[in-house]
>>> print(open('coords32.cif').read())   # mmCIF, C-alpha atoms
data_target
loop_
_atom_site.label_atom_id
_atom_site.label_comp_id
_atom_site.auth_asym_id
_atom_site.auth_seq_id
_atom_site.Cartn_x
_atom_site.Cartn_y
_atom_site.Cartn_z
CA MET A 179 86.20 35.47 87.34
CA ALA A 180 86.20 34.13 90.83
CA ALA A 181 83.34 35.36 92.93
CA ASN A 182 85.15 34.57 96.15
CA PRO A 183 86.30 37.88 97.59
CA MET A 184 89.21 36.23 99.35
CA THR A 185 90.97 34.92 96.25
CA GLN A 186 92.53 38.35 95.73
CA PHE A 187 94.67 37.68 98.80
CA ASN A 188 96.12 34.47 97.42
CA VAL A 189 99.88 34.35 97.32
CA TYR A 190 101.30 32.40 94.41
CA ARG A 191 104.75 31.64 93.18
CA ILE A 192 106.18 33.57 90.27
CA GLY A 193 108.99 31.69 88.59
CA PRO A 194 110.82 28.74 90.05
CA GLU A 195 110.80 27.51 93.62
CA ILE A 196 113.73 28.90 95.61
CA LYS A 197 114.86 27.07 98.70
CA LEU A 198 117.05 28.44 101.45
CA GLY A 199 117.90 25.45 103.59
CA ALA A 200 114.56 24.04 104.68
CA PHE A 201 112.68 27.27 103.91
CA ASP A 202 110.79 28.17 100.78
CA ILE A 203 111.69 31.73 99.83
CA SER A 204 110.24 31.65 96.34
CA PHE A 205 109.54 34.89 94.54
CA THR A 206 105.80 35.52 94.81
CA ASN A 207 103.32 38.19 93.82
CA ALA A 208 103.74 39.59 97.35
CA SER A 209 107.48 39.93 96.77
CA LEU A 210 106.78 41.55 93.43
CA PHE A 211 104.61 44.25 94.97
CA MET A 212 107.04 44.84 97.82
CA ILE A 213 109.73 45.46 95.20
CA ILE A 214 107.41 47.64 93.09
CA SER A 215 106.48 49.76 96.11
CA SER A 216 110.09 50.14 97.25
CA LEU A 217 111.24 50.98 93.74
CA ALA A 218 108.48 53.55 93.31
CA ILE A 219 109.49 55.20 96.58
CA LEU A 220 113.16 55.20 95.65
CA ILE A 221 112.53 56.56 92.15
CA ILE A 222 110.19 59.33 93.28
CA PHE A 223 112.43 60.45 96.12
CA ASN A 224 115.56 60.14 94.06
CA ILE A 225 114.11 62.43 91.39
CA GLY A 226 112.75 64.69 94.12
CA SER A 227 116.14 65.10 95.76
CA LYS A 228 118.35 65.31 92.68
CA LYS A 229 118.02 68.96 91.80
CA ASN A 230 118.21 71.58 94.47
CA SER A 231 116.33 74.47 92.99
CA LEU A 232 115.12 77.33 95.10
CA LEU A 233 111.71 77.01 93.51
CA PRO A 234 111.04 73.24 93.66
CA ASN A 235 109.34 71.43 90.81
CA LYS A 236 106.43 69.09 91.45
CA VAL A 237 108.38 65.96 92.30
CA GLN A 238 110.80 67.86 94.50
CA LEU A 239 107.89 69.54 96.23
CA LEU A 240 106.29 66.14 96.81
CA ALA A 241 109.51 64.74 98.28
CA GLU A 242 110.09 67.75 100.48
CA LEU A 243 106.48 67.93 101.67
CA SER A 244 106.64 64.24 102.64
CA TYR A 245 109.93 64.88 104.42
CA THR A 246 108.58 67.80 106.43
CA PHE A 247 105.30 65.97 107.08
CA VAL A 248 107.02 62.94 108.63
CA SER A 249 109.61 65.09 110.37
CA LYS A 250 106.88 67.21 111.96
CA MET A 251 104.94 64.10 112.94
CA ILE A 252 107.98 62.69 114.72
CA SER A 253 108.98 65.89 116.48
CA ASP A 254 105.36 66.48 117.58
CA THR A 255 104.91 63.04 119.11
CA ALA A 256 108.37 61.90 120.19
CA GLY A 257 110.32 65.13 120.50
CA LEU A 258 113.81 65.99 119.36
CA LYS A 259 115.38 62.83 120.80
CA ALA A 260 113.69 60.77 118.10
CA LYS A 261 115.70 62.41 115.35
CA PRO A 262 118.04 59.40 114.81
CA TYR A 263 114.99 57.24 114.07
CA PHE A 264 113.64 59.61 111.45
CA ALA A 265 114.91 57.58 108.49
CA PHE A 266 113.36 54.39 109.82
CA ILE A 267 109.97 55.93 110.48
CA PHE A 268 110.06 57.71 107.14
CA SER A 269 110.81 54.45 105.32
CA LEU A 270 108.15 52.67 107.33
CA PHE A 271 105.49 55.27 106.59
CA MET A 272 106.36 55.39 102.90
CA PHE A 273 106.54 51.63 102.56
CA VAL A 274 103.16 51.05 104.19
CA LEU A 275 101.61 53.96 102.31
CA PHE A 276 102.87 52.80 98.92
CA CYS A 277 101.93 49.17 99.55
CA ASN A 278 98.42 50.30 100.54
CA MET A 279 98.12 52.61 97.56
CA PHE A 280 99.39 50.06 95.04
CA GLY A 281 96.78 47.71 96.44
CA MET A 282 94.12 50.16 95.33
CA ILE A 283 94.92 49.58 91.66
CA PRO A 284 92.66 46.84 90.25
CA TYR A 285 94.26 43.41 89.76
CA THR A 286 97.15 44.26 92.08
CA PHE A 287 98.12 42.57 95.29
CA THR A 288 97.99 44.34 98.63
CA VAL A 289 101.13 43.45 100.58
CA THR A 290 99.83 44.97 103.82
CA SER A 291 96.67 42.85 103.76
CA HIS A 292 98.73 39.93 105.01
CA ILE A 293 99.02 39.49 108.75
CA ILE A 294 102.49 38.03 108.48
CA VAL A 295 103.85 41.16 106.78
CA THR A 296 102.29 43.61 109.20
CA PHE A 297 103.17 41.40 112.13
CA VAL A 298 106.83 41.22 111.15
CA LEU A 299 106.92 45.02 110.86
CA ALA A 300 105.11 45.46 114.19
CA ALA A 301 107.27 42.88 115.95
CA PHE A 302 110.41 44.54 114.65
CA ILE A 303 109.14 47.89 115.95
CA PHE A 304 108.18 46.34 119.29
CA ILE A 305 111.53 44.67 119.78
CA GLY A 306 113.42 47.74 118.58
CA VAL A 307 111.51 50.06 120.87
CA THR A 308 112.04 47.74 123.84
CA ILE A 309 115.77 47.57 123.13
CA VAL A 310 115.94 51.36 122.82
CA GLY A 311 114.05 51.74 126.08
CA PHE A 312 116.35 49.41 128.01
CA ALA A 313 119.44 50.92 126.41
CA LYS A 314 118.39 54.43 127.41
CA HIS A 315 117.08 53.77 130.90
CA GLY A 316 118.43 50.38 131.92
CA PHE A 317 116.05 48.61 134.28
CA GLY A 318 114.46 51.98 134.96
CA TYR A 319 112.52 51.32 131.78
CA LEU A 320 110.35 48.96 133.83
CA LYS A 321 108.91 52.05 135.52
CA LEU A 322 106.84 52.37 132.37
CA PHE A 323 104.57 49.71 133.89
CA VAL A 324 104.14 51.65 137.13
CA PRO A 325 102.22 54.85 136.45
CA SER A 326 102.71 57.56 139.04
CA GLY A 327 99.89 58.66 141.31
CA VAL A 328 98.18 55.27 141.52
CA PRO A 329 96.92 54.04 144.94
CA ALA A 330 99.03 51.21 146.33
CA ILE A 331 96.09 48.82 146.52
CA LEU A 332 95.44 49.14 142.80
CA LEU A 333 99.09 48.89 141.86
CA PRO A 334 99.35 45.10 141.26
CA LEU A 335 96.30 45.19 139.03
CA ILE A 336 97.54 48.25 137.14
CA VAL A 337 100.96 46.75 136.60
CA VAL A 338 99.45 43.56 135.18
CA ILE A 339 97.22 45.60 132.88
CA GLU A 340 100.13 47.75 131.75
CA VAL A 341 102.31 44.73 131.01
CA ILE A 342 99.53 43.08 129.02
CA SER A 343 98.85 46.26 127.07
CA TYR A 344 102.55 46.66 126.37
CA LEU A 345 102.86 43.09 125.14
CA SER A 346 99.77 43.41 123.00
CA ARG A 347 101.22 46.39 121.14
CA PRO A 348 102.64 44.41 118.22
CA VAL A 349 99.42 42.46 117.89
CA SER A 350 97.19 45.52 117.89
CA LEU A 351 99.53 47.39 115.58
CA SER A 352 99.70 44.61 113.03
CA VAL A 353 96.09 43.48 113.22
CA ARG A 354 94.83 47.06 112.83
CA LEU A 355 96.60 47.53 109.51
CA PHE A 356 96.00 44.03 108.22
CA ALA A 357 92.30 43.96 109.16
CA ASN A 358 91.64 47.41 107.70
CA MET A 359 93.24 46.54 104.41
CA MET A 360 91.67 43.13 104.19
CA ALA A 361 88.18 44.30 105.14
CA GLY A 362 88.25 47.19 102.70
CA HIS A 363 89.44 45.11 99.79
CA THR A 364 86.98 42.32 100.57
CA MET A 365 84.12 44.80 100.65
CA MET A 366 85.15 46.26 97.34
CA LYS A 367 85.39 42.84 95.85
CA VAL A 368 81.95 41.88 97.19
CA PHE A 369 80.36 44.99 95.71
CA GLY A 370 82.22 44.43 92.47
CA GLY A 371 80.83 40.90 92.40
CA PHE A 372 77.31 42.31 92.86
CA VAL A 373 77.81 44.56 89.86
CA ILE A 374 78.64 41.53 87.74
CA SER A 375 75.88 39.29 89.06
CA LEU A 376 73.15 41.96 88.86
CA GLY A 377 74.15 42.96 85.38
CA ILE A 378 73.01 46.02 83.50
CA VAL A 379 69.64 46.24 85.31
CA GLY A 380 70.54 46.14 88.98
CA GLY A 381 74.26 46.69 88.89
CA TRP A 382 74.16 50.46 89.18
CA LEU A 383 73.52 50.60 92.90
CA PRO A 384 76.46 48.36 93.90
CA LEU A 385 78.55 50.14 91.28
CA SER A 386 77.94 53.49 92.98
CA PHE A 387 78.76 51.84 96.30
CA SER A 388 81.93 50.52 94.77
CA VAL A 389 82.93 53.97 93.56
CA ALA A 390 82.27 55.47 96.99
CA LEU A 391 84.17 52.64 98.66
CA THR A 392 87.15 53.26 96.40
CA GLY A 393 87.38 56.82 97.69
CA LEU A 394 86.97 55.62 101.26
CA GLU A 395 89.62 52.95 100.79
CA ILE A 396 92.13 55.45 99.43
CA LEU A 397 91.51 57.51 102.56
CA VAL A 398 91.89 54.38 104.71
CA ALA A 399 95.09 53.45 102.89
CA PHE A 400 96.62 56.81 103.79
CA LEU A 401 95.14 56.88 107.26
CA GLN A 402 96.36 53.41 108.21
CA ALA A 403 99.87 54.20 107.04
CA TYR A 404 99.72 57.38 109.10
CA VAL A 405 98.36 55.55 112.14
CA PHE A 406 101.03 52.88 111.81
CA ALA A 407 103.77 55.49 111.69
CA ILE A 408 102.38 57.67 114.45
CA LEU A 409 101.87 54.72 116.80
CA THR A 410 105.50 53.80 116.19
CA CYS A 411 106.40 57.36 117.14
CA ILE A 412 104.32 57.12 120.30
CA TYR A 413 105.96 53.84 121.33
CA LEU A 414 109.32 55.39 120.60
CA ASN A 415 108.35 58.38 122.73
CA ASP A 416 107.60 56.04 125.63
CA ALA A 417 111.05 54.51 125.25
CA LEU A 418 112.92 57.80 124.85
CA ASN A 419 111.13 60.06 127.31
CA LEU A 420 110.15 57.81 130.17
CA HIS A 421 108.78 60.49 132.47
CA HIS A 422 106.26 62.52 130.59
CA MET B 157 56.35 48.85 88.91
CA ILE B 158 59.71 48.85 87.20
CA LYS B 159 61.27 50.24 90.35
CA LYS B 160 59.73 47.45 92.39
CA ILE B 161 61.12 44.81 90.08
CA TYR B 162 64.49 46.51 90.20
CA PHE B 163 64.72 46.48 93.95
CA GLN B 164 63.36 42.95 94.21
CA SER B 165 65.96 41.74 91.78
CA ILE B 166 68.68 43.47 93.80
CA PHE B 167 67.38 41.84 96.98
CA PHE B 168 67.30 38.36 95.50
CA SER B 169 70.68 38.81 93.94
CA PHE B 170 72.12 39.70 97.33
CA LEU B 171 70.73 36.50 98.77
CA PHE B 172 72.02 34.54 95.84
CA SER B 173 75.48 36.06 95.96
CA LYS B 174 75.83 35.49 99.66
CA GLU B 175 75.00 31.84 99.20
CA ALA B 176 77.49 31.62 96.40
CA PHE B 177 80.24 33.17 98.52
CA ALA B 178 79.42 30.94 101.46
CA ALA B 179 79.68 27.92 99.27
CA GLU B 180 82.96 28.88 97.66
CA SER B 181 84.93 30.48 100.47
CA GLY B 182 87.72 28.35 101.80
CA GLY B 183 89.13 30.43 104.65
CA MET B 184 91.62 33.27 104.62
CA PRO B 185 94.69 32.93 102.43
CA GLN B 186 96.49 35.07 105.01
CA LEU B 187 96.43 32.21 107.49
CA ASN B 188 97.95 29.75 105.08
CA PRO B 189 101.57 29.46 106.25
CA GLU B 190 102.87 28.17 102.93
CA PHE B 191 104.51 31.45 101.88
CA TRP B 192 105.07 33.05 105.26
CA VAL B 193 108.80 32.53 105.24
CA SER B 194 109.00 33.82 101.70
CA GLN B 195 107.07 36.93 102.63
CA ILE B 196 109.23 37.55 105.71
CA PHE B 197 112.36 37.08 103.62
CA TRP B 198 111.30 39.42 100.84
CA LEU B 199 109.90 41.98 103.27
CA THR B 200 113.19 42.06 105.16
CA LEU B 201 115.14 42.30 101.93
CA THR B 202 113.08 45.05 100.24
CA PHE B 203 112.44 47.06 103.37
CA GLY B 204 116.08 46.75 104.40
CA ILE B 205 117.29 47.99 101.03
CA LEU B 206 114.67 50.73 101.04
CA TYR B 207 115.74 51.84 104.51
CA ILE B 208 119.44 51.81 103.71
CA VAL B 209 119.10 53.70 100.43
CA LEU B 210 116.70 56.24 101.90
CA SER B 211 118.71 56.87 105.05
CA LYS B 212 122.16 56.90 103.44
CA LEU B 213 121.53 58.52 100.08
CA ILE B 214 118.21 60.21 99.63
CA LEU B 215 117.07 61.66 102.94
CA PRO B 216 120.37 63.50 103.66
CA LYS B 217 120.07 65.11 100.23
CA ILE B 218 116.50 66.24 100.86
CA SER B 219 117.42 67.55 104.29
CA ASN B 220 120.38 69.32 102.72
CA ASN B 221 118.16 70.87 100.07
CA LEU B 222 115.67 72.03 102.65
CA GLU B 223 118.39 73.43 104.87
CA SER B 224 120.10 75.30 102.05
CA ARG B 225 116.79 76.72 100.89
CA ARG B 226 115.96 77.80 104.42
CA SER B 227 119.31 79.48 104.89
CA GLN B 228 119.07 81.15 101.50
CA ILE B 229 115.61 82.45 102.28
CA LEU B 230 116.86 83.71 105.64
CA GLU B 231 119.77 85.40 103.91
CA ASN B 232 117.47 86.99 101.40
CA ILE B 233 115.18 88.18 104.14
CA GLU B 234 118.14 89.64 105.97
CA ALA B 235 119.37 91.40 102.84
CA ALA B 236 115.89 92.72 102.15
CA GLU B 237 115.65 93.98 105.72
CA LYS B 238 118.98 95.72 105.37
CA GLN B 239 117.97 97.33 102.13
CA ARG B 240 114.73 98.45 103.65
CA GLU B 241 116.60 100.06 106.53
CA ASP B 242 118.97 101.69 104.09
CA SER B 243 116.17 103.08 102.03
CA GLU B 244 114.45 104.35 105.15
CA ALA B 245 117.62 106.15 106.20
CA LYS B 246 117.96 107.59 102.72
CA LEU B 247 114.36 108.74 102.83
CA GLU B 248 114.94 110.42 106.16
CA GLU B 249 118.03 112.14 104.80
CA TYR B 250 116.16 113.27 101.78
CA GLU B 251 113.36 114.65 103.88
CA LYS B 252 115.86 116.48 106.05
CA ILE B 253 117.48 118.01 103.01
CA ILE B 254 114.13 119.02 101.62
CA SER B 255 113.01 120.67 104.83
CA LYS B 256 116.36 122.39 105.19
CA SER B 257 116.28 123.76 101.69
CA LYS B 258 112.69 124.82 102.18
CA LEU B 259 113.74 126.79 105.26
CA GLU B 260 116.63 128.28 103.33
CA ALA B 261 114.40 129.29 100.47
CA LYS B 262 112.04 130.90 102.92
CA ASN B 263 114.90 132.81 104.52
CA ILE B 264 116.23 133.96 101.19
CA PHE B 265 112.81 135.04 100.12
CA SER B 266 112.13 137.04 103.26
CA GLN B 267 115.61 138.59 103.17
CA SER B 268 115.29 139.66 99.59
CA ARG B 269 111.83 140.95 100.28
CA GLU B 270 113.12 143.05 103.15
CA LYS B 271 115.95 144.29 101.02
CA VAL B 272 113.64 145.24 98.21
CA LEU B 273 111.32 146.98 100.62
CA LYS B 274 114.24 148.87 102.10
CA ASP B 275 115.46 149.85 98.67
CA ILE B 276 112.06 151.01 97.67
CA SER B 277 111.63 153.11 100.78
CA ALA B 278 115.13 154.62 100.39
CA LYS B 279 114.46 155.50 96.79
CA ARG B 280 111.12 156.92 97.70
CA GLU B 281 112.71 159.09 100.34
CA VAL B 282 115.26 160.38 97.86
CA LEU B 283 112.55 161.04 95.35
CA ASP B 284 110.39 162.72 97.93
CA LYS B 285 113.28 164.97 98.86
CA GLN B 286 113.93 165.83 95.25
CA ILE B 287 110.28 166.47 94.62
CA ASP B 288 110.10 168.63 97.70
CA GLU B 289 113.14 170.57 96.54
CA GLU B 290 111.69 171.03 93.10
CA ILE B 291 108.42 172.13 94.57
CA SER B 292 110.07 174.59 96.90
CA LYS B 293 112.20 175.91 94.04
CA ALA B 294 109.15 176.34 91.85
CA GLU B 295 107.33 178.01 94.67
CA GLN B 296 110.18 180.38 95.17
CA GLU B 297 110.25 181.17 91.52
CA ILE B 298 106.56 181.74 91.54
CA ASN B 299 106.93 183.93 94.58
CA ASN B 300 109.72 185.86 92.90
CA LEU B 301 107.66 186.23 89.80
CA ARG B 302 104.70 187.33 91.83
CA GLU B 303 106.74 189.81 93.73
CA SER B 304 108.36 191.20 90.59
CA ALA B 305 105.21 191.14 88.47
CA PRO B 306 103.50 194.34 89.80
CA ASP B 307 106.66 196.40 89.30
CA LYS B 308 107.04 195.17 85.74
CA ILE B 309 103.39 195.71 85.06
CA ASN B 310 103.64 199.20 86.50
CA MET B 311 106.67 199.86 84.31
CA ILE B 312 104.80 198.60 81.26
CA ALA B 313 101.80 200.67 82.23
CA ILE B 314 103.94 203.78 82.68
CA GLU B 315 105.74 203.32 79.38
CA THR B 316 102.59 202.47 77.52
CA SER B 317 100.67 205.37 78.94
CA SER B 318 103.53 207.84 78.22
CA GLU B 319 103.66 206.64 74.64
CA LEU B 320 99.85 206.78 74.40
CA ILE B 321 99.81 210.31 75.67
CA GLN B 322 102.59 211.29 73.30
CA LYS B 323 100.71 209.83 70.31
CA LEU B 324 97.33 211.19 71.32
CA ILE B 325 98.22 214.67 72.35
CA GLY B 326 101.80 215.01 71.12
CA ALA B 327 103.01 216.30 74.37
CA GLU B 328 105.83 215.05 76.39
CA VAL B 329 104.76 213.97 79.84
CA ASN B 330 107.16 213.43 82.63
CA ASN B 331 107.51 209.77 83.42
CA SER B 332 107.66 210.41 87.11
CA SER B 333 104.24 212.02 87.20
CA ILE B 334 102.75 209.08 85.30
CA SER B 335 104.42 206.60 87.57
CA ALA B 336 102.96 208.41 90.55
CA ILE B 337 99.49 208.05 89.05
CA VAL B 338 100.07 204.35 88.15
CA ASP B 339 101.37 203.60 91.57
CA ASP B 340 98.37 205.25 93.05
CA LEU B 341 96.02 203.30 90.76
CA SER B 342 97.71 200.04 91.24
CA ARG B 343 97.60 200.51 94.95
CA ARG B 344 93.97 201.22 94.82
CA ASN B 345 93.11 198.45 92.36
CA GLY B 346 95.82 196.00 93.39
CA ASP B 347 93.33 193.71 94.95
CA LYS B 348 91.37 193.52 91.77
CA TYR B 349 94.34 192.49 89.65
CA TYR B 350 96.49 190.32 91.73
CA GLY B 351 93.99 188.66 93.89
CA ASN B 352 96.04 189.29 97.04
#
>>> encode(input="coords32.cif", output="structure tokens")
Amino acid sequence: MAANPMTQFNVYRIGPEIKLGAFDISFTNASLFMIISSLAILIIFNIGSKKNSLLPNKVQLLAELSYTFVSKMISDTAGLKAKPYFAFIFSLFMFVLFCNMFGMIPYTFTVTSHIIVTFVLAAFIFIGVTIVGFAKHGFGYLKLFVPSGVPAILLPLIVVIEVISYLSRPVSLSVRLFANMMAGHTMMKVFGGFVISLGIVGGWLPLSFSVALTGLEILVAFLQAYVFAILTCIYLNDALNLHH
Amino acid sequence: MIKKIYFQSIFFSFLFSKEAFAAESGGMPQLNPEFWVSQIFWLTLTFGILYIVLSKLILPKISNNLESRRSQILENIEAAEKQREDSEAKLEEYEKIISKSKLEAKNIFSQSREKVLKDISAKREVLDKQIDEEISKAEQEINNLRESAPDKINMIAIETSSELIQKLIGAEVNNSSISAIVDDLSRRNGDKYYGN
């Protein structure tokens, strides 16, 4: 067993090398867990939406509770105008949540612990939100960088700060998720390594830490998916309702 | 002592492990760009399929289910409300009927009571009259008897005394002279016999 806590994040090829032009798009363990997460979501929600009984069974209740949870989250943060983006935010939340949660099973791979994955998601959100903003408000969307009620002397500085904070959105969004997942899994691995190296005599203390950390990480896995989705809603709110 | 050894061993192990990690670690696999394109490709593919299936097939169904349940619950609530109102109206009607019939029963009772009382008083009057008549008749009879009694008694006395005299002395005595004596006696002793 490798004692290096970072080896769990290694991506390796499963099966043959697949090339698309000059790019290597081989099927990897990351691809496997993306597919597993997506399939799990689709299966659960397909079962949950199949029967329409007045008294829902457990899976249906789960599906409907998730639906109302995300729908309430969107309407609370971005208002009624965000309704067309419900399916996207729902898929996003579920995808991140399931990837995080599958990562909590020992010997699995955490898709969201890779900066490239979270960054692609965040960049897509950033670009999409910007397009939505310009489509809704035209060049008026640039007023987002000019907050009302700011003294004229401070305005150049404020505008620069606003532009930088706007441009750093995808970075902060992706790094937050990636760093949380990576740090948590590394910590768990480190404490797991202590259990092995201290053996039966001293391993109990790190083992109890490891158990506590597992609970914490499950919370973090949910919380980070929630934060990711709600920040998307907030960005969307900025684009949809410019004057708030 | 055992505790001390335990904690010391933990401490040293920490040091040892950290050294081991420092020696082995070779940077973050996340920053190795070897599989970046692959990850982007598969992420786009899986997330795209997930989004399309969810948005086109599954989410509309769930929203439909929720909507139909909501409308059914609303309908049920409406129906229940209607039934409640109905039952309240029925209850009111029932109470009205009850109070009405109670009033009626009271009326009937008091009417019949009055009637009975009237009957009783009428009958009593009739009876009283009859009784009075009977009494007055009896009184009259008594009075008649009383008035006729002294004459009869005098007659009896006269006859008896004439027969007595005839038996005792064998002489015939004129009835008129005896009656004169009896009349005289009865007049004198009338008070004693008749209590007048």
>>> interface_residues(input="coords32.cif", of="chain A", to="chain B", cutoff="8 Å", atoms="all atoms listed in the file", output="VMD selection string")
chain A and resid 181 to 185 187 to 189 201 to 206 208 to 209 212 to 213 216 220 223 to 224 226 to 228 230 232 241 to 242 245 265 to 266 269 273 291 to 295 298 372 375 to 376 379 to 380
>>> resolve_selection(input="coords32.cif", expression="the PyMOL selection byres ((chain A and resi 400) around 12)", output="MDAnalysis selection string")
chainID A and resid 271:282 355 358:359 393:399 401:407
>>> resolve_selection(input="coords32.cif", expression="the PyMOL selection byres ((chain A and resi 246-254) around 8)", output="JSON, numbers by chain")
{"A": [242, 243, 244, 245, 255, 256, 257, 258, 260, 261, 264, 267, 268, 408, 411]}
>>> atom_distance(input="coords32.cif", atom1="atom CA of Arg280 of chain B", atom2="atom CA of Glu260 of chain B")
29.7 Å
>>> atom_distance(input="coords32.cif", atom1="atom CA of Pro284 of chain A", atom2="atom CA of Ile219 of chain A")
19.8 Å
>>> resolve_selection(input="coords32.cif", expression="the PyMOL selection byres ((chain A and resi 237) around 7)", output="PyMOL selection string")
chain A and resi 222+225-226+235-236+238-241
>>> atom_distance(input="coords32.cif", atom1="atom CA of Ser346 of chain A", atom2="atom CA of Ile331 of chain A")
24.4 Å
>>> residues_around(input="coords32.cif", residues="Gly370 of chain A", least_positions_apart="6", cutoff="8 Å", atoms="all atoms listed in the file", output="PyMOL selection string")
chain A and resi 384-385+388
>>> residues_around(input="coords32.cif", residues="Phe387 of chain A", least_positions_apart="3", cutoff="10 Å", atoms="only C-alpha atoms", output="list in words")
Met365, Met366, Phe369, Gly370, Val373, Trp382, Leu383, Pro384, Ala390, Leu391 and Thr392 of chain A
>>> residues_near_point(input="coords32.cif", point="(104.3, 49.6, 124.8)", cutoff="9 Å", atoms="only C-alpha atoms", output="VMD selection string")
chain A and resid 304 307 to 308 322 340 to 341 343 to 348 412 to 414 416 to 417
>>> decode(input="coords32.cif", residues="segment 258-303 of chain B", atoms="C-alpha atoms", output="tab-separated table (two decimals), in the first residue's frame")
chain	number	residue	atom	x	y	z
B	258	LYS	CA	-89.43	21.38	21.23
B	259	LEU	CA	-91.50	24.57	21.07
B	260	GLU	CA	-94.35	22.65	19.50
B	261	ALA	CA	-94.23	20.00	22.18
B	262	LYS	CA	-94.28	22.68	24.81
B	263	ASN	CA	-97.29	24.31	23.18
B	264	ILE	CA	-99.14	21.03	22.91
B	265	PHE	CA	-98.37	20.23	26.49
B	266	SER	CA	-99.57	23.56	27.82
B	267	GLN	CA	-102.68	23.45	25.62
B	268	SER	CA	-103.63	19.99	26.74
B	269	ARG	CA	-102.93	20.96	30.30
B	270	GLU	CA	-105.24	23.93	30.01
B	271	LYS	CA	-107.86	21.79	28.40
B	272	VAL	CA	-107.64	19.19	31.10
B	273	LEU	CA	-107.83	21.85	33.76
B	274	LYS	CA	-110.86	23.35	32.09
B	275	ASP	CA	-112.51	19.96	31.83
B	276	ILE	CA	-111.80	19.24	35.42
B	277	SER	CA	-113.23	22.53	36.59
B	278	ALA	CA	-116.34	22.11	34.39
B	279	LYS	CA	-116.93	18.64	35.71
B	280	ARG	CA	-116.39	19.83	39.22
B	281	GLU	CA	-118.94	22.57	38.73
B	282	VAL	CA	-121.47	20.10	37.41
B	283	LEU	CA	-120.78	17.78	40.28
B	284	ASP	CA	-120.99	20.60	42.77
B	285	LYS	CA	-124.35	21.59	41.34
B	286	GLN	CA	-125.60	18.05	41.53
B	287	ILE	CA	-124.32	17.65	45.04
B	288	ASP	CA	-125.92	20.91	46.02
B	289	GLU	CA	-129.19	19.79	44.49
B	290	GLU	CA	-129.02	16.47	46.27
B	291	ILE	CA	-128.23	18.19	49.50
B	292	SER	CA	-131.06	20.64	49.13
B	293	LYS	CA	-133.42	17.81	48.23
B	294	ALA	CA	-132.35	15.82	51.24
B	295	GLU	CA	-132.71	18.85	53.41
B	296	GLN	CA	-136.17	19.43	52.12
B	297	GLU	CA	-137.08	15.86	52.78
B	298	ILE	CA	-135.67	16.10	56.23
B	299	ASN	CA	-137.58	19.30	56.76
B	300	ASN	CA	-140.76	17.67	55.48
B	301	LEU	CA	-140.18	14.72	57.71
B	302	ARG	CA	-139.50	16.97	60.62
B	303	GLU	CA	-142.58	18.98	59.97
